[in-house]
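Below is my_file20.cif, holding mmCIF, C-alpha atoms and all ligand atoms.
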data_work
loop_
_atom_site.group_PDB
_atom_site.id
_atom_site.type_symbol
_atom_site.label_atom_id
_atom_site.label_comp_id
_atom_site.auth_asym_id
_atom_site.auth_seq_id
_atom_site.Cartn_x
_atom_site.Cartn_y
_atom_site.Cartn_z
ATOM 1 C CA MET A 13 0.000 0.000 0.000
ATOM 2 C CA ALA A 14 1.733 3.135 -1.188
ATOM 3 C CA CYS A 15 -0.648 5.843 -0.023
ATOM 4 C CA ILE A 16 0.677 7.401 3.178
ATOM 5 C CA PHE A 17 -2.792 8.297 4.486
ATOM 6 C CA CYS A 18 -4.040 4.727 3.878
ATOM 7 C CA ARG A 19 -1.036 3.577 5.895
ATOM 8 C CA ILE A 20 -1.972 5.936 8.725
ATOM 9 C CA VAL A 21 -5.574 4.625 8.602
ATOM 10 C CA SER A 22 -4.321 1.021 8.835
ATOM 11 C CA GLY A 23 -2.028 1.911 11.751
ATOM 12 C CA GLU A 24 1.087 0.990 9.800
ATOM 13 C CA VAL A 25 2.350 4.588 10.024
ATOM 14 C CA ASN A 26 2.052 6.618 13.213
ATOM 15 C CA ALA A 27 0.179 9.885 13.429
ATOM 16 C CA ASP A 28 -0.955 12.149 16.237
ATOM 17 C CA ILE A 29 -4.625 11.147 16.114
ATOM 18 C CA VAL A 30 -7.092 13.719 17.421
ATOM 19 C CA GLU A 31 -10.436 11.987 16.776
ATOM 20 C CA GLU A 32 -11.827 9.025 14.930
ATOM 21 C CA THR A 33 -15.315 8.077 13.689
ATOM 22 C CA ASN A 34 -16.634 5.130 11.663
ATOM 23 C CA ASN A 35 -15.689 6.715 8.350
ATOM 24 C CA PHE A 36 -13.025 9.308 9.188
ATOM 25 C CA ILE A 37 -9.792 9.783 11.042
ATOM 26 C CA ALA A 38 -8.404 13.150 12.115
ATOM 27 C CA PHE A 39 -4.733 13.663 12.920
ATOM 28 C CA ARG A 40 -2.295 16.551 13.234
ATOM 29 C CA ASP A 41 -0.451 17.677 10.129
ATOM 30 C CA VAL A 42 3.215 16.736 10.418
ATOM 31 C CA ASN A 43 4.156 20.195 9.145
ATOM 32 C CA PRO A 44 1.666 22.528 10.824
ATOM 33 C CA VAL A 45 1.161 26.046 9.476
ATOM 34 C CA ALA A 46 -0.800 27.268 12.514
ATOM 35 C CA PRO A 47 -1.272 26.301 16.196
ATOM 36 C CA THR A 48 -4.125 24.023 15.116
ATOM 37 C CA HIS A 49 -3.564 22.139 11.876
ATOM 38 C CA VAL A 50 -5.598 18.949 11.766
ATOM 39 C CA LEU A 51 -6.296 16.789 8.713
ATOM 40 C CA VAL A 52 -9.694 15.115 8.384
ATOM 41 C CA VAL A 53 -9.314 12.031 6.222
ATOM 42 C CA PRO A 54 -11.880 9.478 5.009
ATOM 43 C CA LYS A 55 -10.768 5.970 5.958
ATOM 44 C CA GLN A 56 -11.536 4.840 2.410
ATOM 45 C CA HIS A 57 -9.058 5.930 -0.232
ATOM 46 C CA ILE A 58 -11.035 8.627 -2.043
ATOM 47 C CA ASP A 59 -9.235 10.554 -4.746
ATOM 48 C CA SER A 60 -11.627 13.348 -5.733
ATOM 49 C CA PRO A 61 -14.304 15.546 -4.158
ATOM 50 C CA ILE A 62 -17.070 14.035 -6.314
ATOM 51 C CA SER A 63 -16.154 10.563 -5.033
ATOM 52 C CA LEU A 64 -16.780 11.718 -1.468
ATOM 53 C CA GLN A 65 -20.514 11.426 -2.109
ATOM 54 C CA ALA A 66 -20.057 7.665 -2.521
ATOM 55 C CA LEU A 67 -19.773 7.525 1.268
ATOM 56 C CA GLY A 68 -23.378 8.744 1.490
ATOM 57 C CA GLY A 69 -25.133 11.634 3.173
ATOM 58 C CA GLU A 70 -24.858 10.254 6.686
ATOM 59 C CA ALA A 71 -21.091 10.021 6.429
ATOM 60 C CA LEU A 72 -20.934 13.616 5.249
ATOM 61 C CA GLN A 73 -23.006 14.671 8.254
ATOM 62 C CA GLU A 74 -20.646 12.660 10.403
ATOM 63 C CA MET A 75 -17.704 14.507 8.849
ATOM 64 C CA PHE A 76 -19.064 17.993 9.487
ATOM 65 C CA GLN A 77 -20.006 17.018 13.037
ATOM 66 C CA LEU A 78 -16.475 15.740 13.499
ATOM 67 C CA ILE A 79 -15.044 19.030 12.223
ATOM 68 C CA ASP A 80 -17.243 20.923 14.675
ATOM 69 C CA LYS A 81 -16.180 18.654 17.532
ATOM 70 C CA ILE A 82 -12.506 19.197 16.724
ATOM 71 C CA ALA A 83 -13.009 22.977 16.521
ATOM 72 C CA LYS A 84 -14.554 22.923 20.004
ATOM 73 C CA LYS A 85 -11.836 20.674 21.381
ATOM 74 C CA GLU A 86 -9.083 22.849 19.905
ATOM 75 C CA ASN A 87 -10.780 25.989 21.206
ATOM 76 C CA ILE A 88 -11.068 27.580 17.773
ATOM 77 C CA LYS A 89 -14.809 27.350 17.254
ATOM 78 C CA LYS A 90 -15.320 30.953 18.406
ATOM 79 C CA SER A 91 -12.095 32.460 17.099
ATOM 80 C CA GLY A 92 -12.582 30.779 13.710
ATOM 81 C CA TYR A 93 -10.698 28.518 11.387
ATOM 82 C CA ARG A 94 -10.155 27.816 7.729
ATOM 83 C CA LEU A 95 -11.301 24.556 6.161
ATOM 84 C CA ILE A 96 -9.309 23.719 3.037
ATOM 85 C CA LEU A 97 -9.522 20.990 0.441
ATOM 86 C CA ASN A 98 -6.681 21.145 -2.064
ATOM 87 C CA ASN A 99 -7.677 19.421 -5.286
ATOM 88 C CA GLY A 100 -5.180 18.902 -8.074
ATOM 89 C CA ASN A 101 -1.974 20.494 -9.205
ATOM 90 C CA ASP A 102 -2.869 24.171 -9.247
ATOM 91 C CA ALA A 103 -4.130 23.891 -5.663
ATOM 92 C CA GLY A 104 -0.812 22.325 -4.630
ATOM 93 C CA GLN A 105 -2.314 18.990 -3.609
ATOM 94 C CA GLU A 106 0.487 16.730 -2.370
ATOM 95 C CA ILE A 107 -1.366 13.677 -1.120
ATOM 96 C CA ASN A 108 -3.792 12.054 -3.514
ATOM 97 C CA HIS A 109 -6.100 10.829 -0.727
ATOM 98 C CA LEU A 110 -8.827 13.381 -0.204
ATOM 99 C CA HIS A 111 -8.531 15.321 3.038
ATOM 100 C CA PHE A 112 -9.657 18.556 4.636
ATOM 101 C CA HIS A 113 -7.269 20.804 6.528
ATOM 102 C CA ILE A 114 -8.634 22.509 9.654
ATOM 103 C CA ILE A 115 -6.354 25.477 10.258
ATOM 104 C CA GLY A 116 -6.757 27.904 13.141
ATOM 105 C CA GLY A 117 -5.382 29.393 16.305
ATOM 106 C CA ARG A 118 -3.983 32.450 14.549
ATOM 107 C CA LYS A 119 -5.202 35.072 12.123
ATOM 108 C CA ILE A 120 -4.894 33.620 8.618
ATOM 109 C CA GLY A 121 -4.324 35.889 5.626
ATOM 110 C CA ARG A 122 -6.561 36.002 2.601
ATOM 111 C CA LEU A 123 -6.116 33.446 -0.141
ATOM 112 C CA GLY A 124 -4.566 34.484 -3.383
HETATM 113 P P1 LIG B 1 -2.155 18.631 0.555
HETATM 114 O O1 LIG B 1 -1.159 19.601 -0.005
HETATM 115 O O2 LIG B 1 -2.163 17.336 -0.201
HETATM 116 O O3 LIG B 1 -3.520 19.252 0.694
HETATM 117 O O4 LIG B 1 -1.696 18.386 2.043
HETATM 118 C C1 LIG B 1 -0.980 17.289 2.468
HETATM 119 C C2 LIG B 1 -0.600 17.565 3.905
HETATM 120 O O5 LIG B 1 -0.240 16.351 4.518
HETATM 121 C C3 LIG B 1 0.573 18.522 4.066
HETATM 122 O O6 LIG B 1 0.180 19.644 4.827
HETATM 123 C C4 LIG B 1 1.641 17.673 4.761
HETATM 124 O O7 LIG B 1 2.366 18.406 5.735
HETATM 125 C C5 LIG B 1 0.831 16.560 5.391
HETATM 126 N N1 LIG B 1 1.524 15.289 5.485
HETATM 127 C C6 LIG B 1 2.269 14.677 4.521
HETATM 128 N N2 LIG B 1 2.735 13.491 4.941
HETATM 129 C C7 LIG B 1 2.279 13.351 6.216
HETATM 130 C C8 LIG B 1 2.455 12.309 7.196
HETATM 131 O O8 LIG B 1 3.097 11.292 6.972
HETATM 132 N N3 LIG B 1 1.851 12.505 8.398
HETATM 133 C C9 LIG B 1 1.119 13.630 8.685
HETATM 134 N N4 LIG B 1 0.576 13.722 9.905
HETATM 135 N N5 LIG B 1 0.941 14.614 7.784
HETATM 136 C C10 LIG B 1 1.516 14.476 6.566
HETATM 137 ZN ZN ZN B 2 -5.092 6.450 0.537
#
Could I get this structure in the form of structure tokens?
Ligand code: 5GP
Ligand code: ZN
Amino acid sequence: MACIFCRIVSGEVNADIVEETNNFIAFRDVNPVAPTHVLVVPKQHIDSPISLQALGGEALQEMFQLIDKIAKKENIKKSGYRLILNNGNDAGQEINHLHFHIIGGRKIGRLG
């Protein structure tokens, strides 16, 4: 299995796991850009945003509830955070296993 996030899901590679649900795992980015930088990753290897819907509506609810739970736990729900999905080359996507970045704990500049 080559995909690094699949290897984290299987437990073969260590990560600083923050939360886990049936369909998702959330762990700290190894190279954080802010005090909170957590990656929310589907346990299934999903390689594009449109494929995320294959998990079904309940899993998507589960994901947004998970994001909210992490924001509360990290104390950034009130102060705010940025939720990022990099898709493809121009977005600078490095890992071809769909994931959301939760970034907060400091003021983040505008995109561009
Ligand atoms: P992307 O650019 O694909 O949206 O983001 C990939 C992110 O995964 C990067 O922010 C990078 O620091 C992080 N990352 C890459 N390899 C690992 C790893 O082995 N463990 C963890 N925790 N994060 C990783
Ligand atoms: Zn994968």
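Taking all atoms listed in the file into account, Tyr93 in chain A lies nearest to A:Thr48 out of the set A:Thr48, A:Asn34, A:Gln56, A:Gln65.
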Query - Straight-line distance linking CA of Ala71 in chain A with CA of Pro44 in chain A, stated in Å to one decimal - result: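 Calculated distance between CA of Ala71 in chain A and CA of Pro44 in chain A is 26.3 Å.
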Query - Hits of the PyMOL selection byres (((chain A and resi 99) around 12) and not hetatm) in this structure, as a list in words - result: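 Against this file, the PyMOL selection byres (((chain A and resi 99) around 12) and not hetatm) returns the residues Ile58, Asp59, Ser60, Pro61, Ile62, Ile96, Leu97, Asn98, Gly100, Asn101, Asp102, Ala103, Gly104, Gln105, Glu106, Ile107, Asn108, His109, Leu110, His111, Phe112 and His113 of chain A.
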Pull C-alpha atoms from the residues just selected and write them as an mmCIF file, in the frame of the given file.
data_model
loop_
_atom_site.group_PDB
_atom_site.id
_atom_site.type_symbol
_atom_site.label_atom_id
_atom_site.label_comp_id
_atom_site.auth_asym_id
_atom_site.auth_seq_id
_atom_site.Cartn_x
_atom_site.Cartn_y
_atom_site.Cartn_z
ATOM 1 C CA ILE A 58 -11.035 8.627 -2.043
ATOM 2 C CA ASP A 59 -9.235 10.554 -4.746
ATOM 3 C CA SER A 60 -11.627 13.348 -5.733
ATOM 4 C CA PRO A 61 -14.304 15.546 -4.158
ATOM 5 C CA ILE A 62 -17.070 14.035 -6.314
ATOM 6 C CA ILE A 96 -9.309 23.719 3.037
ATOM 7 C CA LEU A 97 -9.522 20.990 0.441
ATOM 8 C CA ASN A 98 -6.681 21.145 -2.064
ATOM 9 C CA GLY A 100 -5.180 18.902 -8.074
ATOM 10 C CA ASN A 101 -1.974 20.494 -9.205
ATOM 11 C CA ASP A 102 -2.869 24.171 -9.247
ATOM 12 C CA ALA A 103 -4.130 23.891 -5.663
ATOM 13 C CA GLY A 104 -0.812 22.325 -4.630
ATOM 14 C CA GLN A 105 -2.314 18.990 -3.609
ATOM 15 C CA GLU A 106 0.487 16.730 -2.370
ATOM 16 C CA ILE A 107 -1.366 13.677 -1.120
ATOM 17 C CA ASN A 108 -3.792 12.054 -3.514
ATOM 18 C CA HIS A 109 -6.100 10.829 -0.727
ATOM 19 C CA LEU A 110 -8.827 13.381 -0.204
ATOM 20 C CA HIS A 111 -8.531 15.321 3.038
ATOM 21 C CA PHE A 112 -9.657 18.556 4.636
ATOM 22 C CA HIS A 113 -7.269 20.804 6.528
#
Report task. Determine the residue membership of the PyMOL selection byres (((chain A and resi 52) around 10) and not hetatm) for the file above and supply it as a PyMOL selection string. Result -> chain A and resi 30-32+36-41+49-51+53-55+75-76+78-79+82+95+97+110-114
Requested in this report: May I ask which of the residues A:Ile88, A:Glu74, A:Val45, A:Thr33 is the closest one to ligand LIG 1 (chain B), counting all atoms listed in the file?
Outcome: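 Distance minimum relative to ligand LIG 1 (chain B) lands on A:Val45.
In terms of minimum interatomic distance to Ala14 in chain A, A:His57 ranks closest within A:Lys84, A:His57, A:Pro47, A:Glu70, counting all atoms listed in the file.
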Query raised in the report: Of the candidates A:Ala27, A:Ala46, A:Ile16, A:Ala66, which shows the shortest atom-to-atom distance to ligand ZN 2 (chain B), using all atoms listed in the file?
Result: A:Ile16
Report task. Measure the distance from atom O1 of ligand LIG 1 (chain B) to CA of Gly121 in chain A in Å and round it to one decimal. Result -> 17.5 Å
Per-axis box centre and lengths in Å around range 68-84 of chain A, 5 Å margin per side, axis-aligned, as AutoDock Vina command-line options:
--center_x -18.8 --center_y 15.9 --center_z 10.7 --size_x 22.6 --size_y 24.2 --size_z 28.5
